[in-house]
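Printed here is my_file-v6.csv (CSV, C-alpha atoms):
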chain,number,residue,atom,x,y,z
A,1,MET,CA,94.3,103.3,75.3
A,2,ALA,CA,97.5,104.9,74.5
A,3,VAL,CA,99.4,101.6,74.4
A,4,ARG,CA,98.1,98.4,72.8
A,5,LEU,CA,99.3,95.2,74.4
A,6,PHE,CA,97.9,91.9,75.5
A,7,GLU,CA,96.1,91.5,72.2
A,8,GLY,CA,97.2,88.0,71.1
A,9,LYS,CA,94.8,85.1,71.8
A,10,GLU,CA,97.5,83.1,73.5
A,11,HIS,CA,98.4,86.0,75.8
A,12,ALA,CA,94.8,86.7,76.5
A,13,ALA,CA,94.3,83.1,77.6
A,14,ALA,CA,97.3,83.2,79.9
A,15,TYR,CA,96.1,86.5,81.3
A,16,PHE,CA,92.8,85.0,82.2
A,17,GLN,CA,94.3,81.8,83.6
A,18,TYR,CA,97.0,83.3,85.7
A,19,ARG,CA,96.5,87.0,86.5
A,20,PRO,CA,95.4,87.5,90.2
A,21,THR,CA,92.1,89.1,91.1
A,22,PRO,CA,91.9,92.0,93.6
A,23,ASP,CA,89.2,90.5,95.7
A,24,GLU,CA,90.3,92.2,98.9
A,25,LEU,CA,90.1,95.7,97.3
A,26,ILE,CA,86.5,95.5,96.0
A,27,PRO,CA,85.1,96.0,99.6
A,28,VAL,CA,87.4,98.9,100.0
A,29,ILE,CA,85.9,100.5,96.9
A,30,ILE,CA,82.3,99.8,97.9
A,31,GLY,CA,83.1,101.1,101.4
A,32,TYR,CA,84.4,104.3,99.9
A,33,MET,CA,81.2,104.8,97.9
A,34,GLU,CA,79.0,104.1,100.9
A,35,GLU,CA,81.1,106.5,103.0
A,36,LYS,CA,80.3,109.2,100.4
A,37,LYS,CA,76.6,108.4,101.0
A,38,SER,CA,76.2,107.2,97.4
A,39,ASP,CA,72.6,106.4,96.9
A,40,ARG,CA,73.1,104.8,93.5
A,41,PHE,CA,74.8,101.5,92.6
A,42,ASN,CA,73.3,101.2,89.2
A,43,LEU,CA,76.2,101.2,86.6
A,44,ALA,CA,79.8,100.3,87.1
A,45,VAL,CA,82.3,100.5,84.2
A,46,ASP,CA,85.6,98.6,84.5
A,47,VAL,CA,88.0,100.2,82.0
A,48,GLY,CA,90.8,98.1,80.5
A,49,CYS,CA,89.0,95.1,81.8
A,50,GLY,CA,91.1,92.5,80.0
A,51,SER,CA,89.6,89.1,80.4
A,52,GLY,CA,87.1,90.3,83.0
A,53,GLN,CA,88.5,88.8,86.2
A,54,GLY,CA,88.0,92.1,88.1
A,55,THR,CA,84.8,93.1,86.3
A,56,ARG,CA,82.9,90.1,87.6
A,57,LEU,CA,83.9,91.0,91.2
A,58,LEU,CA,81.7,94.1,90.9
A,59,ALA,CA,78.6,92.2,89.9
A,60,PRO,CA,77.1,91.7,93.4
A,61,TYR,CA,77.1,95.4,94.1
A,62,PHE,CA,75.6,97.0,90.9
A,63,THR,CA,72.5,96.6,88.8
A,64,LYS,CA,74.8,96.6,85.7
A,65,VAL,CA,78.5,96.2,85.2
A,66,VAL,CA,80.2,96.8,81.9
A,67,GLY,CA,83.8,95.9,81.1
A,68,THR,CA,85.6,97.9,78.3
A,69,ASP,CA,88.8,97.1,76.6
A,70,ILE,CA,90.6,97.9,73.3
A,71,SER,CA,91.6,94.2,72.7
A,72,PRO,CA,89.2,91.9,70.8
A,73,ALA,CA,91.1,88.9,72.0
A,74,GLN,CA,90.8,89.9,75.7
A,75,LEU,CA,87.1,90.6,75.3
A,76,GLU,CA,86.5,87.3,73.5
A,77,MET,CA,88.1,85.6,76.5
A,78,ALA,CA,86.0,87.6,78.8
A,79,THR,CA,82.7,86.8,77.1
A,80,THR,CA,83.4,83.1,76.5
A,81,ASN,CA,83.8,82.5,80.3
A,82,ASP,CA,81.0,82.4,82.8
A,83,ASN,CA,79.6,85.8,83.7
A,84,PRO,CA,76.8,86.9,86.0
A,85,PRO,CA,73.8,88.0,84.0
A,86,ASN,CA,74.3,91.7,84.9
A,87,VAL,CA,77.9,91.8,83.4
A,88,SER,CA,78.6,92.7,79.8
A,89,TYR,CA,81.5,93.9,77.7
A,90,ARG,CA,82.2,96.6,75.1
A,91,GLN,CA,85.2,97.3,72.9
A,92,SER,CA,86.4,100.9,73.3
A,93,PRO,CA,89.5,102.9,74.2
A,94,ALA,CA,89.9,104.1,77.7
A,95,GLU,CA,89.9,107.7,76.4
A,96,GLU,CA,86.6,107.3,74.4
A,97,LEU,CA,84.1,105.5,76.6
A,98,LEU,CA,80.8,104.6,75.0
A,99,PHE,CA,78.5,106.0,77.7
A,100,SER,CA,76.5,109.2,78.1
A,101,SER,CA,77.6,112.1,80.2
A,102,ASN,CA,76.7,111.8,83.9
A,103,GLU,CA,75.6,108.2,83.4
A,104,VAL,CA,78.0,106.1,85.4
A,105,ASP,CA,78.1,105.5,89.2
A,106,LEU,CA,81.6,104.0,89.4
A,107,VAL,CA,84.6,104.0,87.0
A,108,THR,CA,87.3,101.5,87.8
A,109,ALA,CA,90.6,100.6,86.2
A,110,MET,CA,92.3,97.5,87.7
A,111,THR,CA,96.0,97.0,86.8
A,112,ALA,CA,95.4,98.9,83.5
A,113,ALA,CA,95.5,102.7,83.9
A,114,HIS,CA,99.3,102.8,83.4
A,115,TRP,CA,98.7,102.0,79.7
A,116,PHE,CA,96.2,104.8,79.3
A,117,ASN,CA,96.7,108.4,78.1
A,118,HIS,CA,96.3,109.6,81.7
A,119,GLN,CA,94.9,113.1,81.2
A,120,ARG,CA,92.4,112.0,78.5
A,121,PHE,CA,91.2,109.1,80.6
A,122,LEU,CA,90.7,111.3,83.6
A,123,GLN,CA,88.7,113.8,81.5
A,124,GLU,CA,86.6,111.0,80.0
A,125,ALA,CA,86.0,109.5,83.5
A,126,ASP,CA,84.8,112.9,84.7
A,127,ARG,CA,82.5,113.2,81.7
A,128,VAL,CA,80.7,109.9,82.2
A,129,LEU,CA,80.6,109.9,86.0
A,130,ARG,CA,77.4,111.3,87.5
A,131,PRO,CA,77.8,114.0,90.2
A,132,GLY,CA,78.6,112.0,93.4
A,133,GLY,CA,79.9,109.1,91.3
A,134,CYS,CA,83.3,107.6,92.2
A,135,LEU,CA,86.6,106.8,90.4
A,136,ALA,CA,88.7,103.9,91.7
A,137,ILE,CA,92.2,103.2,90.3
A,138,LEU,CA,94.3,100.2,91.5
A,139,SER,CA,97.2,98.1,90.4
A,140,TYR,CA,99.8,95.7,91.8
A,141,THR,CA,103.5,96.3,91.2
A,142,MET,CA,105.7,93.9,89.3
A,143,ASP,CA,108.0,93.0,92.2
A,144,MET,CA,105.9,90.2,93.6
A,145,GLU,CA,107.5,88.2,96.5
A,146,LEU,CA,107.4,84.6,97.4
A,147,GLU,CA,107.0,83.1,100.9
A,148,TYR,CA,108.0,79.5,101.5
A,149,GLY,CA,109.3,78.2,104.8
A,150,ASP,CA,112.6,79.7,105.9
A,151,ILE,CA,113.9,80.2,102.3
A,152,SER,CA,111.8,83.1,101.3
A,153,ASP,CA,114.8,85.5,101.0
A,154,MET,CA,116.5,83.0,98.7
A,155,LEU,CA,113.5,82.6,96.5
A,156,ASN,CA,113.0,86.4,96.2
A,157,LYS,CA,116.6,86.9,95.2
A,158,ILE,CA,116.0,84.4,92.3
A,159,CYS,CA,112.9,86.3,91.4
A,160,GLU,CA,114.8,89.6,91.4
A,161,GLU,CA,117.3,88.2,89.0
A,162,CYS,CA,114.4,87.3,86.6
A,163,TYR,CA,112.9,90.7,86.9
A,164,GLU,CA,116.2,92.3,86.1
A,165,ALA,CA,116.5,90.1,83.0
A,166,LEU,CA,113.2,91.4,81.8
A,167,LEU,CA,113.9,95.1,82.5
A,168,PRO,CA,115.3,95.8,79.0
A,169,PHE,CA,111.7,95.2,77.8
A,170,TRP,CA,110.1,97.6,80.3
A,171,SER,CA,107.8,99.9,78.3
A,172,PRO,CA,109.1,103.5,78.2
A,173,CYS,CA,105.6,104.8,78.7
A,174,LEU,CA,105.7,103.3,82.3
A,175,GLY,CA,108.5,105.7,83.3
A,176,ALA,CA,110.7,104.9,86.3
A,177,ASN,CA,108.2,102.8,88.3
A,178,THR,CA,104.5,102.0,88.6
A,179,ILE,CA,103.9,103.7,91.9
A,180,LYS,CA,105.1,107.1,90.5
A,181,ILE,CA,102.6,106.8,87.6
A,182,TYR,CA,99.7,106.2,89.9
A,183,SER,CA,100.8,108.9,92.3
A,184,GLU,CA,101.0,111.4,89.4
A,185,MET,CA,97.5,110.4,88.2
A,186,TYR,CA,96.2,110.9,91.7
A,187,ASP,CA,97.8,114.4,91.8
A,188,SER,CA,96.3,115.2,88.4
A,189,CYS,CA,92.8,114.3,89.4
A,190,SER,CA,90.9,117.5,89.9
A,191,TYR,CA,88.5,116.2,92.5
A,192,ASN,CA,89.1,117.6,96.0
A,193,ASP,CA,87.5,114.6,97.7
A,194,LYS,CA,90.1,111.8,97.0
A,195,VAL,CA,92.1,109.4,99.0
A,196,TRP,CA,95.4,107.6,98.4
A,197,ASN,CA,95.7,104.1,100.0
A,198,ASP,CA,99.0,102.9,101.2
A,199,CYS,CA,100.4,99.7,99.7
A,200,MET,CA,98.3,96.7,100.6
A,201,ARG,CA,100.1,93.4,100.6
A,202,ILE,CA,97.8,90.6,99.5
A,203,ARG,CA,98.8,87.0,99.9
A,204,ARG,CA,97.7,84.1,97.6
A,205,MET,CA,98.5,80.4,98.0
A,206,MET,CA,99.1,78.9,94.6
A,207,PRO,CA,101.0,76.2,92.8
A,208,LEU,CA,104.5,77.3,91.7
A,209,LYS,CA,103.4,76.8,88.0
A,210,ASN,CA,100.8,79.5,88.5
A,211,PHE,CA,103.4,82.0,89.7
A,212,ILE,CA,105.5,81.1,86.6
A,213,GLY,CA,102.4,81.7,84.5
A,214,ILE,CA,101.9,85.2,86.0
A,215,VAL,CA,105.5,86.1,85.2
A,216,GLN,CA,105.0,84.8,81.6
A,217,SER,CA,101.9,87.0,81.3
A,218,PHE,CA,103.9,90.2,82.1
A,219,SER,CA,104.1,92.6,79.1
A,220,MET,CA,107.9,92.6,79.5
A,221,TYR,CA,108.1,88.8,79.1
A,222,GLN,CA,105.7,88.9,76.1
A,223,LEU,CA,107.8,91.6,74.4
A,224,MET,CA,111.0,89.5,75.0
A,225,LYS,CA,109.2,86.5,73.6
A,226,GLN,CA,108.3,88.5,70.5
A,227,ASN,CA,111.8,89.7,70.1
A,228,ASP,CA,113.6,86.4,70.9
A,229,ALA,CA,111.4,83.4,71.8
A,230,ALA,CA,114.4,81.2,72.7
A,231,GLU,CA,115.8,83.8,75.2
A,232,ALA,CA,112.4,84.2,76.8
A,233,GLN,CA,112.1,80.4,77.2
A,234,ARG,CA,115.6,80.4,78.7
A,235,VAL,CA,114.7,83.1,81.2
A,236,SER,CA,111.5,81.2,82.2
A,237,SER,CA,113.3,77.9,82.5
A,238,ASP,CA,116.1,79.4,84.5
A,239,LEU,CA,113.5,80.9,86.9
A,240,THR,CA,111.6,77.7,87.2
A,241,ASN,CA,114.7,75.4,87.7
A,242,LYS,CA,116.3,77.7,90.3
A,243,LEU,CA,113.1,78.0,92.3
A,244,LEU,CA,112.5,74.2,92.2
A,245,CYS,CA,116.1,73.6,93.3
A,246,ALA,CA,115.9,76.0,96.2
A,247,MET,CA,112.6,74.5,97.3
A,248,SER,CA,114.1,71.0,97.1
A,249,THR,CA,111.2,69.8,95.0
A,250,SER,CA,110.7,68.6,91.4
A,251,SER,CA,106.9,69.4,91.3
A,252,LEU,CA,105.5,72.6,89.9
A,253,ASP,CA,102.4,71.8,91.8
A,254,THR,CA,104.2,72.6,95.1
A,255,GLU,CA,102.3,75.5,96.6
A,256,VAL,CA,103.9,78.8,97.5
A,257,THR,CA,102.6,82.0,98.9
A,258,VAL,CA,102.7,84.9,96.4
A,259,VAL,CA,102.7,88.4,97.9
A,260,MET,CA,101.2,91.1,95.7
A,261,LYS,CA,101.7,94.7,96.5
A,262,TYR,CA,98.6,96.7,95.5
A,263,ILE,CA,98.4,100.5,95.2
A,264,SER,CA,95.1,102.3,94.9
A,265,TRP,CA,93.4,105.6,95.1
A,266,MET,CA,89.8,106.7,94.9
A,267,ALA,CA,88.0,110.0,94.2
A,268,CYS,CA,84.4,111.3,94.3
A,269,LYS,CA,83.1,113.7,91.7
A,270,PRO,CA,81.5,116.8,93.3
A,271,ARG,CA,77.7,116.7,93.5
A,272,SER,CA,77.6,120.4,92.4
A,273,LEU,CA,80.0,123.0,91.1

As structure tokens, what does this structure read like?
Amino acid sequence: MAVRLFEGKEHAAAYFQYRPTPDELIPVIIGYMEEKKSDRFNLAVDVGCGSGQGTRLLAPYFTKVVGTDISPAQLEMATTNDNPPNVSYRQSPAEELLFSSNEVDLVTAMTAAHWFNHQRFLQEADRVLRPGGCLAILSYTMDMELEYGDISDMLNKICEECYEALLPFWSPCLGANTIKIYSEMYDSCSYNDKVWNDCMRIRRMMPLKNFIGIVQSFSMYQLMKQNDAAEAQRVSSDLTNKLLCAMSTSSLDTEVTVVMKYISWMACKPRSL
């Protein structure tokens, strides 16, 4: 990976506990492979797998699934939690995958590719993919929304204020916005057979404390915490207290609907030159 983050054990634990999983997008990926008349579902490689939430979702469809990540703390979290028997993990950069050429049926990167050296990763994915193999890239954007009765707009204004407070810690490597990064990666992919999927809004019911946990797992929040722990705690407490007040509750177990906006694209490696 070009950028190394999410490597502390505490951060890895929060990542595993709170980060949402893209359950609804896995059938989209498998459907794309079936559409391409892929006759092999042997090996899937999930690059930048973190603590393995997305990696495990691929297990029912492949003989073998391997998650790769640069962070030992993330991989330790992935391996110490329950995994299907066909799922394993390896430590490696996204740009130097430990697989033979033409070996892999599916390469995925779930909410991770924005941290990679994009051109080197695409070249490496092309190397390891077999002819007819597929590449699937997806991520949600930071601007999650909340739905709660008739005060959703009020809650989202509070969230926007929090996101703005974190913006000074937005990584320069991410450029202006996440969608632009993924769009540029899509344009850079040399495969002719590729498809860009419009933003998919996925809703999750969860306790408010879990949404706060997601925000605290953001790289921007973690960088703020490293720079000024007291300020990070103030931002988190301010978000929490304002949301509780607006919702007229004192319980962080109160459930809200979190709306995540997923962007994704997929491509199929040519079967022959």

Smallest atom-to-atom distance to A:Met206: which of A:Gln91, A:Ser51, A:Gln123, A:Thr257, using all atoms listed in the file?
->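 For A:Met206, the nearest of the given residues is A:Thr257.
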
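Of the residues under consideration (A:Val104, A:Leu122, A:Leu167, A:Ile179), A:Leu167 shows the shortest atom-to-atom contact distance to A:Phe218 when counting only C-alpha atoms.
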
Write out as a list in words which residues come within 8 Å of A:Ala78 when counting only C-alpha atoms, dropping same-chain ones fewer than 5 positions away.
->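 The residues satisfying every condition are Gly50, Ser51, Gly52, Gln53 and Tyr89 of chain A.
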
From the set A:Glu95, A:Lys37, A:Arg271, A:Cys199, which residue has the shortest atom-to-atom contact distance to A:His118, counting all atoms listed in the file?
->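 Of the candidates, the smallest distance to A:His118 is held by A:Glu95.
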
Atom CA of A:Arg204 sits from atom CA of A:Val28 at a separation of 18.2 Å

Taking all atoms listed in the file into account, which of A:Ile202, A:Leu166, A:Ile214, A:Ile151 comes nearest A:Tyr262?
->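 The shortest atom-to-atom distance to A:Tyr262 comes from A:Ile202.
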
Using all atoms listed in the file, which protein or nucleic acid residues come within 8 Å of stretch 145-147 of chain A? Drop anything in the same chain fewer than 4 positions from it, and give the result as an mmCIF file with C-alpha atoms, keeping the file's coordinate frame.
data_model
loop_
_atom_site.group_PDB
_atom_site.id
_atom_site.type_symbol
_atom_site.label_atom_id
_atom_site.label_comp_id
_atom_site.auth_asym_id
_atom_site.auth_seq_id
_atom_site.Cartn_x
_atom_site.Cartn_y
_atom_site.Cartn_z
ATOM 1 C CA ILE A 151 113.900 80.200 102.300
ATOM 2 C CA SER A 152 111.800 83.100 101.300
ATOM 3 C CA LEU A 155 113.500 82.600 96.500
ATOM 4 C CA ASN A 156 113.000 86.400 96.200
ATOM 5 C CA CYS A 159 112.900 86.300 91.400
ATOM 6 C CA VAL A 256 103.900 78.800 97.500
ATOM 7 C CA THR A 257 102.600 82.000 98.900
ATOM 8 C CA VAL A 258 102.700 84.900 96.400
ATOM 9 C CA VAL A 259 102.700 88.400 97.900
ATOM 10 C CA MET A 260 101.200 91.100 95.700
#

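All residues of protein, DNA or RNA that reach within 9 Å of A:Thr141, judged by all atoms listed in the file and not counting those fewer than 2 positions away in the chain, are A:Thr111, A:Ser139, A:Asp143, A:Met144, A:Asn177, A:Thr178, A:Ile179, A:Met260, A:Lys261, A:Tyr262, A:Ile263.
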
Between A:Asp228, A:Met33, A:Pro93, A:Cys162, which has the minimum distance to A:Asn241 (counting all atoms listed in the file)?
->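 Selected residue with least distance to A:Asn241: A:Cys162.
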
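Across A:Gly54, A:Pro270, A:Pro60, A:Gly133, the tightest approach to A:Thr21 is made by A:Gly54 when counting all atoms listed in the file.
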
Shell of 9 Å around A:Arg90, all atoms listed in the file, local chain residues under 6 positions omitted, as a list in words |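 Counting only the stated atoms, we get Val66, Gly67, Thr68, Asp69, Ile70, Leu75 and Leu98 of chain A.
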
Select all residues near (73.9, 93.8, 82.5) (cut-off 8 Å, inclusive, file coordinates), counting only C-alpha atoms, and output them as a PyMOL selection string.
-> chain A and resi 63-66+85-88

Just how far from atom CA of A:Ala267 is atom CA of A:Ile29, in Å to one decimal?
-> 10.1 Å

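Taking atom CA of A:Val128 and atom CA of A:Ala94 as the two end points, the separation is 11.8 Å.
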
Could you tell me, as a PDB file with C-alpha atoms, keeping the file's coordinate frame, which residues have any atom at most 9 Å from (99.8, 107.2, 91.4), counting only C-alpha atoms?
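Below is the file result-v1.pdb, written as the result:
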ATOM      1  CA  ILE A 137      92.200 103.200  90.300  1.00  0.00           C
ATOM      2  CA  LEU A 138      94.300 100.200  91.500  1.00  0.00           C
ATOM      3  CA  THR A 178     104.500 102.000  88.600  1.00  0.00           C
ATOM      4  CA  ILE A 179     103.900 103.700  91.900  1.00  0.00           C
ATOM      5  CA  LYS A 180     105.100 107.100  90.500  1.00  0.00           C
ATOM      6  CA  ILE A 181     102.600 106.800  87.600  1.00  0.00           C
ATOM      7  CA  TYR A 182      99.700 106.200  89.900  1.00  0.00           C
ATOM      8  CA  SER A 183     100.800 108.900  92.300  1.00  0.00           C
ATOM      9  CA  GLU A 184     101.000 111.400  89.400  1.00  0.00           C
ATOM     10  CA  MET A 185      97.500 110.400  88.200  1.00  0.00           C
ATOM     11  CA  TYR A 186      96.200 110.900  91.700  1.00  0.00           C
ATOM     12  CA  ASP A 187      97.800 114.400  91.800  1.00  0.00           C
ATOM     13  CA  TRP A 196      95.400 107.600  98.400  1.00  0.00           C
ATOM     14  CA  ILE A 263      98.400 100.500  95.200  1.00  0.00           C
ATOM     15  CA  SER A 264      95.100 102.300  94.900  1.00  0.00           C
ATOM     16  CA  TRP A 265      93.400 105.600  95.100  1.00  0.00           C
TER      17      TRP A 265
END

For stretch 67-86 of chain A, where the input has fewer atoms than it should, I would like N, CA, C and O atoms rebuilt and written as a PDB file, in the frame of the given file.
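Okay, this is what ended up in out_35.pdb:
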ATOM      1  N   GLY A  67      82.395  95.913  81.294  1.00  0.00           N
ATOM      2  CA  GLY A  67      83.800  95.900  81.100  1.00  0.00           C
ATOM      3  C   GLY A  67      84.176  96.447  79.739  1.00  0.00           C
ATOM      4  O   GLY A  67      83.547  96.041  78.759  1.00  0.00           O
ATOM      5  N   THR A  68      85.157  97.348  79.642  1.00  0.00           N
ATOM      6  CA  THR A  68      85.600  97.900  78.300  1.00  0.00           C
ATOM      7  C   THR A  68      87.063  97.585  78.135  1.00  0.00           C
ATOM      8  O   THR A  68      87.848  97.622  79.087  1.00  0.00           O
ATOM      9  N   ASP A  69      87.424  97.302  76.906  1.00  0.00           N
ATOM     10  CA  ASP A  69      88.800  97.100  76.600  1.00  0.00           C
ATOM     11  C   ASP A  69      89.011  97.318  75.082  1.00  0.00           C
ATOM     12  O   ASP A  69      88.059  97.219  74.303  1.00  0.00           O
ATOM     13  N   ILE A  70      90.244  97.617  74.692  1.00  0.00           N
ATOM     14  CA  ILE A  70      90.600  97.900  73.300  1.00  0.00           C
ATOM     15  C   ILE A  70      90.853  96.569  72.541  1.00  0.00           C
ATOM     16  O   ILE A  70      90.821  96.520  71.312  1.00  0.00           O
ATOM     17  N   SER A  71      91.136  95.491  73.285  1.00  0.00           N
ATOM     18  CA  SER A  71      91.600  94.200  72.700  1.00  0.00           C
ATOM     19  C   SER A  71      90.472  93.272  72.406  1.00  0.00           C
ATOM     20  O   SER A  71      89.833  92.768  73.336  1.00  0.00           O
ATOM     21  N   PRO A  72      90.198  92.933  71.126  1.00  0.00           N
ATOM     22  CA  PRO A  72      89.200  91.900  70.800  1.00  0.00           C
ATOM     23  C   PRO A  72      89.491  90.565  71.432  1.00  0.00           C
ATOM     24  O   PRO A  72      88.580  89.860  71.878  1.00  0.00           O
ATOM     25  N   ALA A  73      90.772  90.194  71.478  1.00  0.00           N
ATOM     26  CA  ALA A  73      91.100  88.900  72.000  1.00  0.00           C
ATOM     27  C   ALA A  73      90.823  88.820  73.521  1.00  0.00           C
ATOM     28  O   ALA A  73      90.319  87.805  74.023  1.00  0.00           O
ATOM     29  N   GLN A  74      91.112  89.896  74.248  1.00  0.00           N
ATOM     30  CA  GLN A  74      90.800  89.900  75.700  1.00  0.00           C
ATOM     31  C   GLN A  74      89.276  89.861  75.884  1.00  0.00           C
ATOM     32  O   GLN A  74      88.786  89.133  76.752  1.00  0.00           O
ATOM     33  N   LEU A  75      88.522  90.618  75.103  1.00  0.00           N
ATOM     34  CA  LEU A  75      87.100  90.600  75.300  1.00  0.00           C
ATOM     35  C   LEU A  75      86.457  89.296  74.863  1.00  0.00           C
ATOM     36  O   LEU A  75      85.466  88.865  75.471  1.00  0.00           O
ATOM     37  N   GLU A  76      87.019  88.639  73.864  1.00  0.00           N
ATOM     38  CA  GLU A  76      86.500  87.300  73.500  1.00  0.00           C
ATOM     39  C   GLU A  76      86.728  86.341  74.658  1.00  0.00           C
ATOM     40  O   GLU A  76      85.842  85.531  74.973  1.00  0.00           O
ATOM     41  N   MET A  77      87.887  86.427  75.316  1.00  0.00           N
ATOM     42  CA  MET A  77      88.100  85.600  76.500  1.00  0.00           C
ATOM     43  C   MET A  77      87.170  85.907  77.598  1.00  0.00           C
ATOM     44  O   MET A  77      86.650  85.023  78.282  1.00  0.00           O
ATOM     45  N   ALA A  78      86.885  87.208  77.782  1.00  0.00           N
ATOM     46  CA  ALA A  78      86.000  87.600  78.800  1.00  0.00           C
ATOM     47  C   ALA A  78      84.549  87.101  78.597  1.00  0.00           C
ATOM     48  O   ALA A  78      83.877  86.629  79.517  1.00  0.00           O
ATOM     49  N   THR A  79      84.087  87.175  77.358  1.00  0.00           N
ATOM     50  CA  THR A  79      82.700  86.800  77.100  1.00  0.00           C
ATOM     51  C   THR A  79      82.488  85.306  76.949  1.00  0.00           C
ATOM     52  O   THR A  79      81.363  84.834  77.103  1.00  0.00           O
ATOM     53  N   THR A  80      83.540  84.545  76.682  1.00  0.00           N
ATOM     54  CA  THR A  80      83.400  83.100  76.500  1.00  0.00           C
ATOM     55  C   THR A  80      83.449  82.376  77.873  1.00  0.00           C
ATOM     56  O   THR A  80      83.212  81.165  77.937  1.00  0.00           O
ATOM     57  N   ASN A  81      83.767  83.086  78.942  1.00  0.00           N
ATOM     58  CA  ASN A  81      83.800  82.500  80.300  1.00  0.00           C
ATOM     59  C   ASN A  81      82.525  82.887  81.027  1.00  0.00           C
ATOM     60  O   ASN A  81      81.826  83.833  80.659  1.00  0.00           O
ATOM     61  N   ASP A  82      82.227  82.155  82.078  1.00  0.00           N
ATOM     62  CA  ASP A  82      81.000  82.400  82.800  1.00  0.00           C
ATOM     63  C   ASP A  82      80.955  83.794  83.401  1.00  0.00           C
ATOM     64  O   ASP A  82      81.905  84.240  84.047  1.00  0.00           O
ATOM     65  N   ASN A  83      79.841  84.473  83.159  1.00  0.00           N
ATOM     66  CA  ASN A  83      79.600  85.800  83.700  1.00  0.00           C
ATOM     67  C   ASN A  83      78.279  85.895  84.363  1.00  0.00           C
ATOM     68  O   ASN A  83      77.312  85.271  83.897  1.00  0.00           O
ATOM     69  N   PRO A  84      78.164  86.652  85.438  1.00  0.00           N
ATOM     70  CA  PRO A  84      76.800  86.900  86.000  1.00  0.00           C
ATOM     71  C   PRO A  84      75.963  87.592  84.960  1.00  0.00           C
ATOM     72  O   PRO A  84      76.467  88.258  84.038  1.00  0.00           O
ATOM     73  N   PRO A  85      74.657  87.457  85.065  1.00  0.00           N
ATOM     74  CA  PRO A  85      73.800  88.000  84.000  1.00  0.00           C
ATOM     75  C   PRO A  85      73.812  89.522  83.901  1.00  0.00           C
ATOM     76  O   PRO A  85      73.410  90.061  82.861  1.00  0.00           O
ATOM     77  N   ASN A  86      74.290  90.226  84.931  1.00  0.00           N
ATOM     78  CA  ASN A  86      74.300  91.700  84.900  1.00  0.00           C
ATOM     79  C   ASN A  86      75.677  92.229  84.388  1.00  0.00           C
ATOM     80  O   ASN A  86      75.929  93.425  84.462  1.00  0.00           O
TER      81      ASN A  86
END
